[in-house]
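The data block below is final38.tsv; it holds TSV, C-alpha atoms.
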```tsv
chain	number	residue	atom	x	y	z
F	1	MET	CA	-35.93	22.15	14.79
F	2	GLU	CA	-36.67	23.18	18.37
F	3	SER	CA	-34.42	25.44	20.36
F	4	THR	CA	-34.07	24.75	24.05
F	5	PRO	CA	-33.68	27.63	26.45
F	6	THR	CA	-30.46	27.70	28.40
F	7	THR	CA	-30.50	28.31	32.12
F	8	ALA	CA	-26.74	28.47	32.53
F	9	LYS	CA	-25.04	31.68	33.60
F	10	LYS	CA	-23.96	34.05	30.88
F	11	LYS	CA	-20.49	33.19	29.68
F	12	VAL	CA	-18.07	36.05	29.27
F	13	ALA	CA	-16.27	35.98	25.95
F	14	ALA	CA	-12.50	35.84	26.13
F	15	ASP	CA	-12.18	39.32	24.64
F	16	ARG	CA	-14.41	40.95	27.28
F	17	HIS	CA	-12.82	42.07	30.55
F	18	PRO	CA	-14.95	41.17	33.60
F	19	LEU	CA	-14.85	44.79	34.82
F	20	ALA	CA	-16.10	46.06	31.45
F	21	VAL	CA	-18.94	43.53	31.56
F	22	ALA	CA	-19.81	44.50	35.15
F	23	PHE	CA	-19.79	48.21	34.25
F	24	GLY	CA	-21.99	47.55	31.23
F	25	GLU	CA	-24.54	45.70	33.34
F	26	TYR	CA	-24.51	48.54	35.87
F	27	LEU	CA	-24.87	51.20	33.15
F	28	LYS	CA	-27.83	49.33	31.68
F	29	ALA	CA	-29.51	49.05	35.09
F	30	VAL	CA	-29.07	52.77	35.81
F	31	ARG	CA	-30.29	53.68	32.31
F	32	LYS	CA	-33.42	51.57	32.71
F	33	GLU	CA	-33.97	52.94	36.23
F	34	ARG	CA	-33.97	56.44	34.69
F	35	ASP	CA	-36.41	55.14	32.02
F	36	LYS	CA	-34.15	56.04	29.10
F	37	SER	CA	-33.54	54.13	25.91
F	38	GLN	CA	-30.06	53.63	24.51
F	39	ALA	CA	-30.88	56.18	21.81
F	40	GLU	CA	-32.01	58.79	24.38
F	41	LEU	CA	-28.92	58.28	26.52
F	42	ALA	CA	-26.69	58.45	23.46
F	43	PHE	CA	-28.35	61.67	22.29
F	44	ASP	CA	-28.06	63.29	25.74
F	45	ALA	CA	-24.40	62.24	26.01
F	46	SER	CA	-23.56	63.23	22.41
F	47	MET	CA	-22.58	59.68	21.50
F	48	ASP	CA	-23.69	57.07	19.03
F	49	ARG	CA	-26.30	54.53	20.15
F	50	THR	CA	-24.08	51.68	19.02
F	51	TYR	CA	-21.34	52.87	21.39
F	52	ILE	CA	-23.80	52.73	24.31
F	53	SER	CA	-24.62	49.18	23.20
F	54	LEU	CA	-20.91	48.27	23.12
F	55	LEU	CA	-20.47	49.67	26.64
F	56	GLU	CA	-23.48	47.79	27.99
F	57	ARG	CA	-22.27	44.50	26.51
F	58	GLY	CA	-18.77	44.98	27.90
F	59	LEU	CA	-17.17	45.14	24.47
F	60	SER	CA	-15.74	48.60	25.09
F	61	ALA	CA	-14.35	50.36	28.16
F	62	PRO	CA	-15.23	54.03	28.73
F	63	THR	CA	-12.70	56.82	29.07
F	64	LEU	CA	-12.94	59.49	31.76
F	65	LEU	CA	-14.56	61.90	29.30
F	66	VAL	CA	-17.16	59.29	28.37
F	67	LEU	CA	-17.86	58.53	32.04
F	68	ASP	CA	-18.37	62.22	32.74
F	69	SER	CA	-20.71	62.62	29.79
F	70	LEU	CA	-22.71	59.50	30.74
F	71	ALA	CA	-22.99	60.61	34.36
F	72	LYS	CA	-24.28	64.06	33.40
F	73	SER	CA	-26.76	62.50	30.97
F	74	LEU	CA	-28.07	60.25	33.74
F	75	GLY	CA	-28.34	63.15	36.19
F	76	LEU	CA	-25.45	61.95	38.34
F	77	THR	CA	-21.96	63.13	39.15
F	78	MET	CA	-19.12	60.98	37.91
F	79	THR	CA	-18.29	60.22	41.55
F	80	ASP	CA	-21.82	58.96	42.20
F	81	LEU	CA	-21.78	56.87	39.03
F	82	MET	CA	-18.50	55.18	39.96
F	83	ALA	CA	-19.46	54.78	43.64
F	84	GLY	CA	-22.65	52.99	42.60
F	85	PHE	CA	-20.68	50.79	40.24
F	86	GLU	CA	-18.12	49.92	42.90
F	87	ALA	CA	-20.84	49.13	45.45
F	88	GLN	CA	-22.43	46.51	43.19
F	89	LEU	CA	-19.15	44.86	42.10
F	90	PRO	CA	-18.76	41.20	43.02
F	91	LYS	CA	-16.17	40.65	45.74
F	92	ASN	CA	-13.80	38.79	43.40
F	93	LEU	CA	-13.54	41.89	41.15
F	94	ARG	CA	-12.85	44.38	43.93
F	95	ARG	CA	-9.24	45.41	44.31
F	96	THR	CA	-7.37	45.19	47.55
F	97	SER	CA	-4.19	47.06	48.18
F	98	VAL	CA	-1.06	45.66	46.57
F	99	LYS	CA	0.70	45.47	49.95
F	100	ARG	CA	-2.09	43.38	51.43
F	101	ARG	CA	-2.13	40.98	48.48
F	102	ILE	CA	1.64	40.52	48.69
F	103	ASN	CA	1.52	39.91	52.44
F	104	GLU	CA	-1.31	37.39	52.11
F	105	ALA	CA	0.52	35.60	49.30
F	106	SER	CA	3.77	35.37	51.26
F	107	LEU	CA	1.96	34.12	54.37
F	108	ALA	CA	0.14	31.51	52.34
F	109	LYS	CA	3.41	30.36	50.80
F	110	THR	CA	5.13	29.92	54.17
F	111	GLY	CA	2.04	28.51	55.88
F	112	ALA	CA	2.57	30.91	58.78
F	113	ASP	CA	-0.16	32.64	60.72
F	114	ARG	CA	-0.35	36.39	60.79
F	115	PRO	CA	2.60	37.78	62.75
F	116	GLN	CA	1.67	38.96	66.23
F	117	GLY	CA	3.21	41.83	68.13
F	118	THR	CA	5.87	43.87	66.44
F	119	ARG	CA	5.64	45.08	62.87
F	120	ARG	CA	9.42	45.17	62.49
F	121	SER	CA	11.24	42.55	60.56
F	122	PRO	CA	13.05	39.95	62.71
F	123	LEU	CA	16.15	40.63	60.59
F	124	ARG	CA	16.63	44.12	62.05
```
Go through the file and emit its structure as structure tokens.
Amino acid sequence: MESTPTTAKKKVAADRHPLAVAFGEYLKAVRKERDKSQAELAFDASMDRTYISLLERGLSAPTLLVLDSLAKSLGLTMTDLMAGFEAQLPKNLRRTSVKRRINEASLAKTGADRPQGTRRSPLR
């Protein structure tokens, strides 16, 4: 029985959050860039190799302590690690401010253009 290769995009399982998957892909890229294996990274970060695997596959989300340990093991600061992750995030996963999302949603509902001029409510 022959197996045919699939060229479709990777499907994200229902139990994997898109941010966890994106972080895992980023972690794997940084790890490979630093020429480390999962076992080496796990040893340097005082973690189990299987946990690194879970993180890279998006099946687990890291805590702040884990992020700090991973960053130090990769020779980065936690700020640099997260800034790099945020920079490579797809636009649909980036967060905008709550106020902006609410305003855009209410404008879309009413079909109105962006209000011009005053920022005060017309009810005042």
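One distance worth recording is that between atom CA of Lys32 of chain F and atom CA of Asp80 of chain F, which is 16.7 Å.
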List every protein, DNA or RNA residue with an atom no more than 12 Å from (-29.7, 60.9, 24.2) in the file's coordinates, counting only C-alpha atoms, and format the result as a PDB file with C-alpha atoms, in the frame of the given file.
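Heads up, here's the output in part.pdb:
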```pdb
ATOM      1  CA  ARG F  31     -30.290  53.680  32.310  1.00  0.00           C
ATOM      2  CA  ASP F  35     -36.410  55.140  32.020  1.00  0.00           C
ATOM      3  CA  LYS F  36     -34.150  56.040  29.100  1.00  0.00           C
ATOM      4  CA  SER F  37     -33.540  54.130  25.910  1.00  0.00           C
ATOM      5  CA  GLN F  38     -30.060  53.630  24.510  1.00  0.00           C
ATOM      6  CA  ALA F  39     -30.880  56.180  21.810  1.00  0.00           C
ATOM      7  CA  GLU F  40     -32.010  58.790  24.380  1.00  0.00           C
ATOM      8  CA  LEU F  41     -28.920  58.280  26.520  1.00  0.00           C
ATOM      9  CA  ALA F  42     -26.690  58.450  23.460  1.00  0.00           C
ATOM     10  CA  PHE F  43     -28.350  61.670  22.290  1.00  0.00           C
ATOM     11  CA  ASP F  44     -28.060  63.290  25.740  1.00  0.00           C
ATOM     12  CA  ALA F  45     -24.400  62.240  26.010  1.00  0.00           C
ATOM     13  CA  SER F  46     -23.560  63.230  22.410  1.00  0.00           C
ATOM     14  CA  MET F  47     -22.580  59.680  21.500  1.00  0.00           C
ATOM     15  CA  ASP F  48     -23.690  57.070  19.030  1.00  0.00           C
ATOM     16  CA  ARG F  49     -26.300  54.530  20.150  1.00  0.00           C
ATOM     17  CA  THR F  50     -24.080  51.680  19.020  1.00  0.00           C
ATOM     18  CA  TYR F  51     -21.340  52.870  21.390  1.00  0.00           C
ATOM     19  CA  ILE F  52     -23.800  52.730  24.310  1.00  0.00           C
ATOM     20  CA  SER F  69     -20.710  62.620  29.790  1.00  0.00           C
ATOM     21  CA  LEU F  70     -22.710  59.500  30.740  1.00  0.00           C
ATOM     22  CA  LYS F  72     -24.280  64.060  33.400  1.00  0.00           C
ATOM     23  CA  SER F  73     -26.760  62.500  30.970  1.00  0.00           C
ATOM     24  CA  LEU F  74     -28.070  60.250  33.740  1.00  0.00           C
TER      25      LEU F  74
END
```
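Residue nearest Gly84 of chain F, chosen from F:Arg34, F:Leu64, F:Leu55, F:Ala71 and counting only C-alpha atoms: F:Ala71.
Contact shell of Arg57 of chain F at 12 Å (all atoms listed in the file; same-chain neighbours under 4 positions omitted): Lys10, Lys11, Val12, Ala13, Asp15, Arg16, His17, Pro18, Leu19, Ala20, Val21, Ala22, Phe23, Gly24, Glu25, Tyr26, Leu27, Lys28, Thr50, Tyr51, Ile52, Ser53 and Ala61 of chain F.
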Separating atom CA of Phe85 of chain F from atom CA of Pro62 of chain F, to the nearest tenth of an Å, is a gap of 13.1 Å
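Remark: for Asp68 of chain F, the closest of the candidate residues F:Leu93, F:Leu81, F:Glu56, F:Val30 is F:Leu81 (distances computed over all atoms listed in the file).
Between atom CA of Leu59 of chain F and atom CA of Met78 of chain F the interatomic distance comes to 20.9 Å.
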